[in-house]
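Chemist: As input, take model_21.tsv (TSV, C-alpha atoms):
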```
chain	number	residue	atom	x	y	z
W	1	MET	CA	1.00	-129.54	130.02
W	2	PRO	CA	-0.61	-132.40	128.17
W	3	GLY	CA	-2.65	-135.25	129.61
W	4	GLN	CA	-4.12	-138.56	128.47
W	5	GLY	CA	-3.82	-138.97	124.72
W	6	ALA	CA	-0.36	-137.44	124.51
W	7	GLN	CA	1.46	-140.54	125.68
W	8	TYR	CA	3.51	-142.75	123.40
W	9	ARG	CA	6.02	-145.51	123.86
W	10	ALA	CA	9.45	-144.44	125.08
W	11	MET	CA	8.40	-140.80	125.33
W	12	GLY	CA	11.05	-138.80	127.14
W	13	THR	CA	13.45	-141.72	127.43
W	14	GLY	CA	15.96	-139.96	125.22
W	15	LEU	CA	15.92	-136.96	127.54
W	16	TYR	CA	16.34	-139.28	130.50
W	17	ARG	CA	19.40	-140.84	128.97
W	18	ASP	CA	20.99	-137.69	127.57
W	19	LEU	CA	20.06	-134.87	129.98
W	20	PRO	CA	21.11	-135.52	133.59
W	21	ALA	CA	19.17	-132.49	134.77
W	22	PHE	CA	15.94	-133.92	133.36
W	23	ALA	CA	16.75	-137.35	134.79
W	24	ALA	CA	17.27	-135.84	138.23
W	25	ALA	CA	13.92	-134.04	138.09
W	26	ILE	CA	11.92	-137.04	136.96
W	27	ASP	CA	13.73	-139.36	139.37
W	28	GLU	CA	12.30	-137.22	142.19
W	29	VAL	CA	8.85	-138.43	141.13
W	30	PHE	CA	9.87	-142.08	140.82
W	31	GLN	CA	11.56	-141.92	144.20
W	32	LEU	CA	8.40	-140.61	145.89
W	33	MET	CA	6.53	-143.56	144.42
W	34	GLY	CA	8.81	-146.08	146.15
W	35	THR	CA	9.03	-149.57	144.66
W	36	GLU	CA	6.17	-148.74	142.28
W	37	GLY	CA	8.33	-145.89	141.04
W	38	ASP	CA	11.21	-148.26	140.32
W	39	GLU	CA	8.86	-150.56	138.39
W	40	LEU	CA	7.43	-147.61	136.52
W	41	ARG	CA	10.88	-146.37	135.53
W	42	SER	CA	12.03	-149.84	134.43
W	43	ASP	CA	8.96	-150.44	132.34
W	44	TRP	CA	9.22	-146.98	130.81
W	45	LEU	CA	12.82	-147.62	129.78
W	46	ALA	CA	12.30	-151.25	128.75
W	47	ASP	CA	12.55	-152.40	125.15
W	48	GLU	CA	9.45	-154.49	125.72
W	49	PRO	CA	7.33	-152.93	128.46
W	50	ALA	CA	5.19	-155.25	130.56
W	51	LEU	CA	2.25	-152.84	130.47
W	52	PRO	CA	1.24	-150.86	127.37
W	53	MET	CA	1.73	-147.10	127.60
W	54	ASP	CA	-2.01	-146.51	127.16
W	55	ASP	CA	-2.71	-148.32	130.44
W	56	VAL	CA	-3.65	-145.79	133.12
W	57	ARG	CA	-0.94	-147.26	135.37
W	58	ARG	CA	1.68	-146.08	132.87
W	59	SER	CA	0.23	-143.14	130.98
W	60	GLN	CA	-1.01	-141.15	133.97
W	61	PRO	CA	2.09	-141.27	136.18
W	62	LEU	CA	4.48	-140.89	133.25
W	63	LEU	CA	2.64	-137.95	131.73
W	64	PHE	CA	2.53	-136.33	135.15
W	65	ALA	CA	6.21	-137.08	135.75
W	66	ILE	CA	7.42	-135.81	132.38
W	67	ASP	CA	5.25	-132.68	132.50
W	68	TYR	CA	6.47	-131.93	136.02
W	69	ALA	CA	10.13	-132.69	135.25
W	70	LEU	CA	10.16	-130.46	132.19
W	71	GLY	CA	8.44	-127.61	134.02
W	72	SER	CA	10.73	-127.91	136.99
W	73	LEU	CA	13.78	-128.09	134.72
W	74	LEU	CA	12.83	-124.96	132.79
W	75	ILE	CA	12.30	-123.04	135.99
W	76	SER	CA	15.65	-124.19	137.35
W	77	MET	CA	17.17	-122.94	134.09
W	78	GLY	CA	15.72	-119.52	134.83
W	79	LEU	CA	12.35	-119.45	133.07
W	80	ARG	CA	9.61	-117.44	134.75
W	81	PRO	CA	6.36	-118.63	133.18
W	82	ALA	CA	3.60	-116.04	133.07
W	83	VAL	CA	0.83	-118.60	133.35
W	84	LEU	CA	0.30	-122.36	133.26
W	85	LEU	CA	-2.41	-124.43	131.59
W	86	GLY	CA	-2.73	-128.17	132.06
W	87	HIS	CA	-4.88	-130.63	130.12
W	88	SER	CA	-6.33	-133.32	132.39
W	89	ILE	CA	-3.49	-134.86	134.47
W	90	GLY	CA	-1.32	-132.04	133.11
W	91	GLU	CA	-3.17	-129.71	135.45
W	92	LEU	CA	-1.94	-131.67	138.48
W	93	ALA	CA	1.64	-131.31	137.21
W	94	ALA	CA	1.06	-127.61	136.60
W	95	ALA	CA	-0.26	-127.30	140.15
W	96	VAL	CA	3.02	-128.63	141.53
W	97	VAL	CA	5.02	-126.19	139.42
W	98	ALA	CA	2.75	-123.43	140.71
W	99	ARG	CA	3.36	-124.72	144.25
W	100	VAL	CA	-0.30	-125.43	144.98
W	101	PHE	CA	0.86	-128.93	145.97
W	102	ASP	CA	4.30	-130.02	146.97
W	103	LEU	CA	5.54	-132.90	144.84
W	104	GLY	CA	4.96	-135.48	147.56
W	105	GLY	CA	1.35	-134.41	148.04
W	106	ALA	CA	0.64	-134.47	144.31
W	107	VAL	CA	2.20	-137.93	143.98
W	108	ARG	CA	-0.11	-139.18	146.73
W	109	VAL	CA	-3.08	-137.75	144.83
W	110	LEU	CA	-1.81	-139.28	141.59
W	111	ARG	CA	-1.22	-142.74	143.05
W	112	HIS	CA	-4.61	-142.78	144.69
W	113	ARG	CA	-6.25	-141.73	141.43
W	114	VAL	CA	-4.41	-144.40	139.44
W	115	ASP	CA	-5.35	-147.10	141.95
W	116	GLN	CA	-8.99	-146.05	141.75
W	117	LEU	CA	-8.96	-145.84	137.95
W	118	ALA	CA	-7.35	-149.23	137.54
W	119	GLU	CA	-10.50	-150.61	139.20
W	120	ALA	CA	-12.93	-148.51	137.16
W	121	PRO	CA	-15.10	-149.97	134.38
W	122	SER	CA	-13.15	-150.09	131.19
W	123	GLY	CA	-14.13	-147.68	128.54
W	124	GLY	CA	-12.59	-145.16	126.31
W	125	MET	CA	-12.46	-141.75	124.83
W	126	VAL	CA	-13.19	-140.77	121.26
W	127	ALA	CA	-12.34	-137.52	119.51
W	128	VAL	CA	-15.05	-136.35	117.12
W	129	ALA	CA	-14.60	-133.73	114.39
W	130	ALA	CA	-17.64	-131.79	115.52
W	131	SER	CA	-18.70	-129.10	117.93
W	132	ARG	CA	-20.44	-129.93	121.17
W	133	ALA	CA	-23.70	-128.62	119.74
W	134	GLU	CA	-23.49	-130.79	116.62
W	135	LEU	CA	-22.76	-133.85	118.74
W	136	ALA	CA	-25.35	-133.40	121.45
W	137	PRO	CA	-28.33	-135.02	119.68
W	138	HIS	CA	-26.32	-138.18	119.05
W	139	LEU	CA	-24.93	-138.89	122.50
W	140	ARG	CA	-26.36	-142.05	123.99
W	141	PRO	CA	-26.94	-142.54	127.75
W	142	GLY	CA	-23.67	-143.31	129.47
W	143	VAL	CA	-21.56	-141.17	127.19
W	144	ASP	CA	-20.45	-137.71	128.25
W	145	ILE	CA	-18.47	-134.83	126.84
W	146	GLY	CA	-14.92	-135.45	128.02
W	147	ALA	CA	-13.16	-132.48	126.50
W	148	ILE	CA	-13.67	-129.46	124.28
W	149	ASN	CA	-10.36	-129.35	122.44
W	150	ALA	CA	-11.20	-127.02	119.57
W	151	PRO	CA	-14.30	-125.56	117.88
W	152	ARG	CA	-14.70	-128.78	115.88
W	153	GLN	CA	-12.94	-131.24	118.09
W	154	THR	CA	-14.91	-132.63	120.97
W	155	VAL	CA	-13.88	-135.69	122.96
W	156	ILE	CA	-16.59	-137.99	124.27
W	157	ALA	CA	-16.08	-140.62	126.95
W	158	GLY	CA	-17.95	-143.55	128.37
W	159	ALA	CA	-17.92	-147.25	129.13
W	160	ASP	CA	-17.22	-149.58	126.20
W	161	GLY	CA	-20.80	-150.52	125.28
W	162	PRO	CA	-22.46	-147.09	125.29
W	163	LEU	CA	-19.40	-145.58	123.61
W	164	ARG	CA	-19.53	-148.07	120.76
W	165	ILE	CA	-23.25	-147.46	120.24
W	166	THR	CA	-22.71	-143.71	120.19
W	167	CYS	CA	-19.82	-143.99	117.72
W	168	ASP	CA	-21.95	-146.11	115.41
W	169	ALA	CA	-24.68	-143.47	115.55
W	170	LEU	CA	-22.14	-140.71	114.88
W	171	GLY	CA	-20.75	-142.63	111.92
W	172	GLU	CA	-24.26	-143.08	110.51
W	173	ALA	CA	-24.84	-139.35	110.86
W	174	GLY	CA	-21.70	-138.65	108.85
W	175	PHE	CA	-19.33	-137.57	111.62
W	176	THR	CA	-15.64	-138.39	111.60
W	177	TRP	CA	-14.25	-139.84	114.81
W	178	ALA	CA	-11.10	-141.49	116.10
W	179	ARG	CA	-10.26	-143.19	119.38
W	180	VAL	CA	-8.09	-141.31	121.83
W	181	CYS	CA	-5.54	-143.65	123.34
W	182	SER	CA	-7.06	-144.46	126.67
W	183	LEU	CA	-8.46	-147.60	128.22
W	184	THR	CA	-10.27	-145.53	130.84
W	185	PRO	CA	-13.26	-143.25	130.27
W	186	PHE	CA	-11.71	-140.07	131.71
W	187	HIS	CA	-13.92	-137.08	132.25
W	188	SER	CA	-17.17	-138.98	132.32
W	189	ALA	CA	-19.73	-139.80	134.97
W	190	VAL	CA	-18.51	-143.43	134.85
W	191	LEU	CA	-15.73	-142.35	137.20
W	192	GLN	CA	-18.01	-140.68	139.75
W	193	PRO	CA	-17.22	-143.30	142.43
W	194	THR	CA	-13.62	-142.06	142.50
W	195	VAL	CA	-14.64	-138.55	143.52
W	196	ASP	CA	-15.67	-139.18	147.13
W	197	ALA	CA	-12.62	-141.26	147.94
W	198	ALA	CA	-10.35	-138.69	146.33
W	199	ARG	CA	-12.01	-135.91	148.29
W	200	GLY	CA	-11.19	-137.75	151.49
W	201	LEU	CA	-7.57	-138.12	150.53
W	202	LEU	CA	-7.25	-134.53	149.37
W	203	ALA	CA	-8.49	-133.28	152.72
W	204	THR	CA	-5.21	-134.64	154.12
W	205	VAL	CA	-2.93	-133.12	151.47
W	206	PRO	CA	-1.55	-129.62	152.03
W	207	MET	CA	-2.55	-127.14	149.32
W	208	ARG	CA	-1.69	-123.46	148.85
W	209	PRO	CA	-2.84	-120.71	146.53
W	210	PRO	CA	-0.85	-120.79	143.29
W	211	GLU	CA	2.40	-118.83	143.12
W	212	ILE	CA	2.31	-118.89	139.32
W	213	GLY	CA	-0.99	-118.14	137.58
W	214	LEU	CA	-2.92	-121.21	136.51
W	215	VAL	CA	-5.77	-121.26	134.07
W	216	SER	CA	-8.12	-124.06	135.10
W	217	GLY	CA	-9.09	-126.50	132.38
W	218	TYR	CA	-12.31	-127.10	134.29
W	219	THR	CA	-13.56	-123.57	134.84
W	220	SER	CA	-11.73	-122.13	131.79
W	221	ARG	CA	-10.56	-119.12	133.76
W	222	ARG	CA	-7.81	-118.35	136.27
W	223	LEU	CA	-7.84	-120.76	139.20
W	224	THR	CA	-8.90	-118.83	142.27
W	225	ASP	CA	-7.15	-119.20	145.62
W	226	ALA	CA	-10.29	-120.78	147.06
W	227	GLU	CA	-10.51	-123.37	144.28
W	228	ALA	CA	-6.80	-124.17	144.58
W	229	VAL	CA	-7.21	-125.35	148.17
W	230	ASP	CA	-10.59	-127.04	147.71
W	231	PRO	CA	-10.42	-130.85	147.85
W	232	LEU	CA	-13.60	-131.13	145.78
W	233	TYR	CA	-12.11	-129.06	142.96
W	234	TRP	CA	-9.21	-131.51	142.51
W	235	ALA	CA	-11.25	-134.62	143.31
W	236	SER	CA	-13.72	-133.85	140.53
W	237	HIS	CA	-11.18	-133.79	137.73
W	238	PRO	CA	-11.79	-137.38	136.57
W	239	VAL	CA	-15.48	-136.67	135.97
W	240	ALA	CA	-15.50	-133.09	134.77
W	241	PRO	CA	-14.97	-132.19	131.11
W	242	VAL	CA	-11.70	-130.54	130.16
W	243	LEU	CA	-12.60	-127.19	128.60
W	244	PHE	CA	-9.24	-126.84	126.90
W	245	TRP	CA	-10.28	-124.56	124.07
W	246	PRO	CA	-12.19	-122.09	126.26
W	247	ALA	CA	-9.27	-122.13	128.73
W	248	LEU	CA	-6.76	-121.54	125.95
W	249	SER	CA	-8.89	-118.73	124.55
W	250	ALA	CA	-9.10	-117.09	127.98
W	251	LEU	CA	-5.33	-117.35	128.37
W	252	LEU	CA	-4.67	-115.85	124.93
W	253	ALA	CA	-7.19	-113.08	125.53
W	254	GLU	CA	-4.97	-111.87	128.38
W	255	GLY	CA	-2.23	-110.96	125.94
W	256	PRO	CA	0.27	-112.27	123.39
W	257	ARG	CA	2.02	-115.40	124.58
W	258	LEU	CA	4.70	-117.86	123.68
W	259	LEU	CA	2.96	-121.16	124.39
W	260	VAL	CA	5.31	-123.94	125.39
W	261	GLU	CA	4.13	-127.54	125.23
W	262	CYS	CA	5.65	-128.75	128.45
W	263	GLY	CA	5.24	-132.48	127.94
W	264	PRO	CA	5.18	-135.25	125.35
W	265	SER	CA	3.96	-134.78	121.82
W	266	GLN	CA	2.66	-131.69	120.07
W	267	GLY	CA	-1.04	-132.25	120.53
W	268	LEU	CA	-1.74	-129.05	122.42
W	269	THR	CA	0.45	-126.82	120.25
W	270	THR	CA	-1.22	-128.27	117.13
W	271	LEU	CA	-4.65	-127.42	118.56
W	272	ALA	CA	-3.39	-123.98	119.56
W	273	ARG	CA	-2.35	-123.35	115.97
W	274	ARG	CA	-6.06	-123.28	115.11
W	275	HIS	CA	-6.54	-120.29	117.35
W	276	ARG	CA	-6.73	-116.99	115.55
W	277	ASP	CA	-4.10	-115.46	117.84
W	278	VAL	CA	-1.59	-118.10	116.85
W	279	ARG	CA	-2.56	-118.21	113.19
W	280	THR	CA	-2.03	-114.47	112.92
W	281	GLY	CA	1.31	-114.73	114.68
W	282	ARG	CA	0.23	-112.65	117.64
W	283	SER	CA	1.04	-115.62	119.86
W	284	LEU	CA	3.59	-118.33	119.12
W	285	VAL	CA	3.95	-122.02	119.99
W	286	LEU	CA	6.90	-124.22	120.80
W	287	SER	CA	7.19	-127.89	121.80
W	288	LEU	CA	9.84	-129.20	124.18
W	289	ILE	CA	10.06	-132.90	123.35
W	290	GLY	CA	8.64	-133.12	119.85
W	291	SER	CA	6.37	-135.88	118.63
W	292	PRO	CA	6.57	-139.67	118.44
W	293	GLU	CA	8.31	-139.23	115.07
W	294	THR	CA	11.14	-137.28	116.75
W	295	GLY	CA	12.42	-140.46	118.40
W	296	PRO	CA	14.34	-140.75	121.70
W	297	ASP	CA	17.74	-140.11	120.07
W	298	ALA	CA	16.68	-136.67	118.88
W	299	GLU	CA	14.86	-135.56	122.03
W	300	ALA	CA	17.82	-133.89	123.74
W	301	ALA	CA	18.65	-131.84	120.65
W	302	HIS	CA	15.00	-130.83	120.25
W	303	PHE	CA	14.80	-129.77	123.89
W	304	THR	CA	18.07	-127.85	123.77
W	305	ALA	CA	16.95	-125.96	120.66
W	306	ALA	CA	13.59	-125.15	122.28
W	307	ALA	CA	15.31	-123.97	125.46
W	308	ALA	CA	17.60	-121.76	123.38
W	309	ARG	CA	14.53	-120.14	121.81
W	310	LEU	CA	13.41	-119.38	125.36
W	311	GLY	CA	16.79	-117.81	126.03
W	312	LEU	CA	17.83	-120.66	128.32
W	313	ALA	CA	20.87	-122.89	128.38
W	314	LEU	CA	21.73	-125.92	130.53
D	1	MET	CA	-13.35	-131.36	83.86
D	2	ARG	CA	-13.48	-130.70	87.57
D	3	GLN	CA	-10.30	-129.59	89.20
D	4	ILE	CA	-10.00	-128.00	92.61
D	5	THR	CA	-7.85	-125.02	93.46
D	6	LEU	CA	-5.61	-124.55	96.48
D	7	SER	CA	-8.05	-121.97	97.74
D	8	GLU	CA	-11.01	-124.36	97.54
D	9	LEU	CA	-9.10	-127.09	99.36
D	10	GLN	CA	-7.98	-124.62	102.00
D	11	ASP	CA	-11.63	-123.67	102.53
D	12	ILE	CA	-12.59	-127.33	102.95
D	13	MET	CA	-9.86	-127.89	105.51
D	14	ARG	CA	-10.68	-124.73	107.41
D	15	GLU	CA	-14.33	-125.72	107.61
D	16	CYS	CA	-13.34	-129.17	108.85
D	17	ALA	CA	-11.23	-127.58	111.56
D	18	GLY	CA	-13.86	-124.97	112.40
D	19	GLU	CA	-11.77	-121.91	111.60
D	20	ASP	CA	-13.62	-118.82	110.51
D	21	GLU	CA	-11.11	-117.35	108.12
D	22	ALA	CA	-7.58	-117.91	106.85
D	23	ALA	CA	-4.89	-115.90	108.56
D	24	MET	CA	-1.84	-116.95	106.60
D	25	PRO	CA	-1.48	-116.02	102.93
D	26	LEU	CA	-2.40	-119.04	100.83
D	27	GLU	CA	0.95	-119.11	99.04
D	28	GLN	CA	2.64	-119.49	102.42
D	29	ALA	CA	0.15	-122.01	103.82
D	30	ALA	CA	0.30	-124.19	100.72
D	31	ASP	CA	3.66	-125.73	101.60
D	32	GLN	CA	3.45	-125.84	105.39
D	33	PRO	CA	3.27	-129.28	107.02
D	34	PHE	CA	-0.34	-129.86	108.10
D	35	ASP	CA	0.39	-129.91	111.82
D	36	GLU	CA	1.91	-126.44	111.55
D	37	LEU	CA	-1.45	-125.28	110.24
D	38	GLY	CA	-3.16	-126.88	113.23
D	39	TYR	CA	-4.46	-129.90	111.37
D	40	ASP	CA	-4.00	-133.02	113.44
D	41	SER	CA	-4.82	-136.57	112.44
D	42	LEU	CA	-8.53	-136.15	113.19
D	43	ALA	CA	-8.80	-133.03	111.04
D	44	LEU	CA	-7.06	-134.90	108.22
D	45	LEU	CA	-9.42	-137.83	108.61
D	46	GLU	CA	-12.34	-135.42	108.36
D	47	THR	CA	-10.83	-133.78	105.28
D	48	ARG	CA	-10.40	-137.12	103.59
D	49	SER	CA	-14.04	-137.88	104.33
D	50	ARG	CA	-15.22	-134.50	102.96
D	51	ILE	CA	-13.17	-134.94	99.79
D	52	LYS	CA	-14.90	-138.25	99.22
D	53	ARG	CA	-18.33	-136.83	100.00
D	54	ASP	CA	-18.06	-133.55	98.11
D	55	LEU	CA	-15.79	-134.45	95.21
D	56	GLY	CA	-16.36	-138.18	94.92
D	57	VAL	CA	-12.63	-138.74	95.23
D	58	GLU	CA	-11.56	-141.61	97.44
D	59	ILE	CA	-7.98	-141.51	98.70
D	60	SER	CA	-6.69	-144.54	100.60
D	61	GLU	CA	-5.43	-144.07	104.15
D	62	ASP	CA	-1.91	-145.03	103.11
D	63	GLU	CA	-1.86	-142.56	100.26
D	64	PHE	CA	-3.29	-139.87	102.52
D	65	ASP	CA	-0.59	-140.50	105.13
D	66	GLY	CA	2.00	-139.73	102.47
D	67	VAL	CA	0.52	-136.31	101.76
D	68	LYS	CA	2.04	-133.60	103.93
D	69	THR	CA	0.90	-130.24	102.55
D	70	LEU	CA	-2.09	-128.52	100.95
D	71	ARG	CA	-0.25	-128.33	97.64
D	72	GLU	CA	0.52	-132.05	97.65
D	73	LEU	CA	-3.10	-132.83	98.50
D	74	VAL	CA	-4.45	-130.64	95.70
D	75	ASP	CA	-2.16	-132.44	93.25
D	76	VAL	CA	-3.33	-135.86	94.42
D	77	VAL	CA	-7.01	-134.90	94.27
D	78	ASN	CA	-6.72	-133.30	90.84
D	79	ALA	CA	-4.83	-136.27	89.43
D	80	ARG	CA	-7.69	-138.45	90.62
D	81	LEU	CA	-10.32	-136.14	89.14
D	82	ARG	CA	-8.51	-136.14	85.80
D	83	ALA	CA	-8.33	-139.93	85.80
D	84	SER	CA	-12.01	-140.47	86.49
```
Render the structure in this file as structure tokens.

Modeler:
Amino acid sequence: MPGQGAQYRAMGTGLYRDLPAFAAAIDEVFQLMGTEGDELRSDWLADEPALPMDDVRRSQPLLFAIDYALGSLLISMGLRPAVLLGHSIGELAAAVVARVFDLGGAVRVLRHRVDQLAEAPSGGMVAVAASRAELAPHLRPGVDIGAINAPRQTVIAGADGPLRITCDALGEAGFTWARVCSLTPFHSAVLQPTVDAARGLLATVPMRPPEIGLVSGYTSRRLTDAEAVDPLYWASHPVAPVLFWPALSALLAEGPRLLVECGPSQGLTTLARRHRDVRTGRSLVLSLIGSPETGPDAEAAHFTAAAARLGLAL
Amino acid sequence: MRQITLSELQDIMRECAGEDEAAMPLEQAADQPFDELGYDSLALLETRSRIKRDLGVEISEDEFDGVKTLRELVDVVNARLRAS
């Protein structure tokens, strides 16, 4: 389940319009968000949204909602996933599907996080075509490793100033980099102030051990029962790096898989295609919505074809 | 006159992406869309940069966006090398 970076304008709106079962699932999320949920839905469906999709107030809840709705829909169609893996906010959606949180509890966590992040210093995230080791000497104070996406794709994050200085230094040193679409420096120490407040909130949200296996993007191994119910585990997500590649590798090491990108875009399946297990055909990948190029009108057909490959029909 | 082969270009791209060895036969990989080989926009940006650095061939962003497969990229690079 993808997180920040996977969002794009009008993502999932075709499914909303054309698949009542998807609309019903995602409407559950909007409903739990009250009037904010109505605003979110309207802006999502609008021809000219008031807030850009990259704004944390749009990208985070919508990515969560779409990831959750797709997961919930597949399960209602009869899918029994062997294991779940979420990238950043995707892990919160995965946690609901795994029944660690009920939807209402997760939405409270999400809303609190978005409120906190909207107040955070602005900054960004940059994907660099380099390994963590290659990058390390060039990181300036105030910039942290935000994600390990692949052996030569590391995301760095930080407030605007330090991030710009670091990118200049990386450019000078011959590295290729590109901004990840985010106006917030996720997975960096800049967001540390959100952790304590989130911990307080999470202490009031019911949590249970997962009923479907979850590989943690933060520990890069199976989420333990103790971690699943630990407020500090969930509260730390905005400051801890997403170890996607190690988590993916751990998941694939367990056995051959069909990896389903349960959310917008094909970012995670594209990364997964670099893994030896996928390149050799031992494990396969499949996306549910497609990419920005797919376009809303083709989303329902794409989803239906993907579901058919999973042996599911609406 | 310098020309690159599909195999050489594949090696460049695999190094950019950090893959240790090719798993798909080259003839099959040559015509696959880049994203199906695991090469996202960042990997392509890096490849474009390496081609400039190692072969002295500069391909504009627009022209690069129009290239979808290894085979197409080899053709573009070799045409440039022949012209220079």

Chemist: For chain W, list the residues within 9 Å of chain D, counting only C-alpha atoms, and write the list as a short mmCIF file (atom, residue, chain, number, x, y, z; two decimals) with C-alpha atoms, in the coordinates of the input.

Modeler:
```cif
data_model
loop_
_atom_site.label_atom_id
_atom_site.label_comp_id
_atom_site.auth_asym_id
_atom_site.auth_seq_id
_atom_site.Cartn_x
_atom_site.Cartn_y
_atom_site.Cartn_z
CA ALA W 127 -12.34 -137.52 119.51
CA VAL W 128 -15.05 -136.35 117.12
CA ALA W 129 -14.60 -133.73 114.39
CA ALA W 130 -17.64 -131.79 115.52
CA SER W 131 -18.70 -129.10 117.93
CA ALA W 150 -11.20 -127.02 119.57
CA PRO W 151 -14.30 -125.56 117.88
CA ARG W 152 -14.70 -128.78 115.88
CA GLN W 153 -12.94 -131.24 118.09
CA GLY W 174 -21.70 -138.65 108.85
CA PHE W 175 -19.33 -137.57 111.62
CA THR W 176 -15.64 -138.39 111.60
CA TRP W 177 -14.25 -139.84 114.81
CA ALA W 178 -11.10 -141.49 116.10
CA GLN W 266 2.66 -131.69 120.07
CA GLY W 267 -1.04 -132.25 120.53
CA THR W 269 0.45 -126.82 120.25
CA THR W 270 -1.22 -128.27 117.13
CA LEU W 271 -4.65 -127.42 118.56
CA ALA W 272 -3.39 -123.98 119.56
CA ARG W 273 -2.35 -123.35 115.97
CA ARG W 274 -6.06 -123.28 115.11
CA HIS W 275 -6.54 -120.29 117.35
CA ARG W 276 -6.73 -116.99 115.55
CA ARG W 279 -2.56 -118.21 113.19
CA THR W 280 -2.03 -114.47 112.92
CA GLY W 281 1.31 -114.73 114.68
#
```

Chemist: Write out as a ChimeraX atom specification the residues lying within 9 Å of Leu55 (chain D), counting only C-alpha atoms and excluding same-chain residues fewer than 6 positions away.

Modeler: /D:2,77,81

Chemist: Kindly give the distance, in Å, that separates CA of Ser291 (chain W) and CA of Pro264 (chain W), rounded to a single decimal.

Modeler: 6.9 Å

Chemist: Set the distance at 7 Å and use only C-alpha atoms: which residues neighbour region 37-53 of chain W once local chain neighbours fewer than 6 positions away are removed? I'd like the list as JSON, numbers by chain.

Modeler: {"W": [7, 8, 9, 10, 13, 30, 31, 59]}

Chemist: Would you mind reading off the distance between CA of Pro121 (chain W) and CA of Tyr68 (chain W), one decimal, in Å?

Modeler: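 Pair CA of Pro121 (chain W) / CA of Tyr68 (chain W) returns 28.2 Å.
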
Chemist: What is the distance, in Å and to one decimal place, between CA of Thr194 (chain W) and CA of Val114 (chain W)?

Modeler: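 Going from CA of Thr194 (chain W) over to CA of Val114 (chain W), I get 10.0 Å.
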
Chemist: Just want the 6 Å neighbourhood of Gln32 (chain D), counted on all atoms listed in the file, with same-chain residues fewer than 2 positions away dropped. Output as a ChimeraX atom specification.

Modeler: /D:29-30,69

Chemist: Writing N, CA and C atoms and nothing else, produce region 68-81 of chain D as a PDB file, in the first residue's frame.

Modeler:
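See part_10.pdb below for the written result:
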```pdb
ATOM      1  N   LYS D  68      10.918   4.698 -25.010  1.00  0.00           N
ATOM      2  CA  LYS D  68      10.202   3.822 -24.078  1.00  0.00           C
ATOM      3  C   LYS D  68      10.879   2.489 -23.794  1.00  0.00           C
ATOM      4  N   THR D  69      11.849   2.121 -24.647  1.00  0.00           N
ATOM      5  CA  THR D  69      12.480   0.801 -24.465  1.00  0.00           C
ATOM      6  C   THR D  69      13.985   0.903 -24.654  1.00  0.00           C
ATOM      7  N   LEU D  70      14.691  -0.143 -24.227  1.00  0.00           N
ATOM      8  CA  LEU D  70      16.142  -0.219 -24.391  1.00  0.00           C
ATOM      9  C   LEU D  70      16.517  -0.076 -25.867  1.00  0.00           C
ATOM     10  N   ARG D  71      15.774  -0.800 -26.708  1.00  0.00           N
ATOM     11  CA  ARG D  71      16.100  -0.796 -28.134  1.00  0.00           C
ATOM     12  C   ARG D  71      15.975   0.619 -28.707  1.00  0.00           C
ATOM     13  N   GLU D  72      14.882   1.302 -28.335  1.00  0.00           N
ATOM     14  CA  GLU D  72      14.691   2.669 -28.833  1.00  0.00           C
ATOM     15  C   GLU D  72      15.825   3.568 -28.346  1.00  0.00           C
ATOM     16  N   LEU D  73      16.231   3.376 -27.097  1.00  0.00           N
ATOM     17  CA  LEU D  73      17.291   4.221 -26.539  1.00  0.00           C
ATOM     18  C   LEU D  73      18.618   3.970 -27.236  1.00  0.00           C
ATOM     19  N   VAL D  74      18.939   2.720 -27.499  1.00  0.00           N
ATOM     20  CA  VAL D  74      20.171   2.396 -28.216  1.00  0.00           C
ATOM     21  C   VAL D  74      20.179   3.084 -29.577  1.00  0.00           C
ATOM     22  N   ASP D  75      19.033   3.023 -30.261  1.00  0.00           N
ATOM     23  CA  ASP D  75      18.948   3.648 -31.594  1.00  0.00           C
ATOM     24  C   ASP D  75      19.190   5.146 -31.514  1.00  0.00           C
ATOM     25  N   VAL D  76      18.582   5.793 -30.516  1.00  0.00           N
ATOM     26  CA  VAL D  76      18.752   7.245 -30.363  1.00  0.00           C
ATOM     27  C   VAL D  76      20.213   7.586 -30.058  1.00  0.00           C
ATOM     28  N   VAL D  77      20.804   6.851 -29.150  1.00  0.00           N
ATOM     29  CA  VAL D  77      22.200   7.116 -28.767  1.00  0.00           C
ATOM     30  C   VAL D  77      23.139   6.892 -29.944  1.00  0.00           C
ATOM     31  N   ASN D  78      22.947   5.791 -30.659  1.00  0.00           N
ATOM     32  CA  ASN D  78      23.834   5.498 -31.793  1.00  0.00           C
ATOM     33  C   ASN D  78      23.673   6.499 -32.932  1.00  0.00           C
ATOM     34  N   ALA D  79      22.454   6.970 -33.130  1.00  0.00           N
ATOM     35  CA  ALA D  79      22.253   7.986 -34.174  1.00  0.00           C
ATOM     36  C   ALA D  79      23.050   9.233 -33.811  1.00  0.00           C
ATOM     37  N   ARG D  80      23.002   9.586 -32.531  1.00  0.00           N
ATOM     38  CA  ARG D  80      23.761  10.744 -32.051  1.00  0.00           C
ATOM     39  C   ARG D  80      25.257  10.549 -32.213  1.00  0.00           C
ATOM     40  N   LEU D  81      25.735   9.347 -31.878  1.00  0.00           N
ATOM     41  CA  LEU D  81      27.169   9.069 -31.974  1.00  0.00           C
ATOM     42  C   LEU D  81      27.620   9.133 -33.432  1.00  0.00           C
TER      43      LEU D  81
END
```
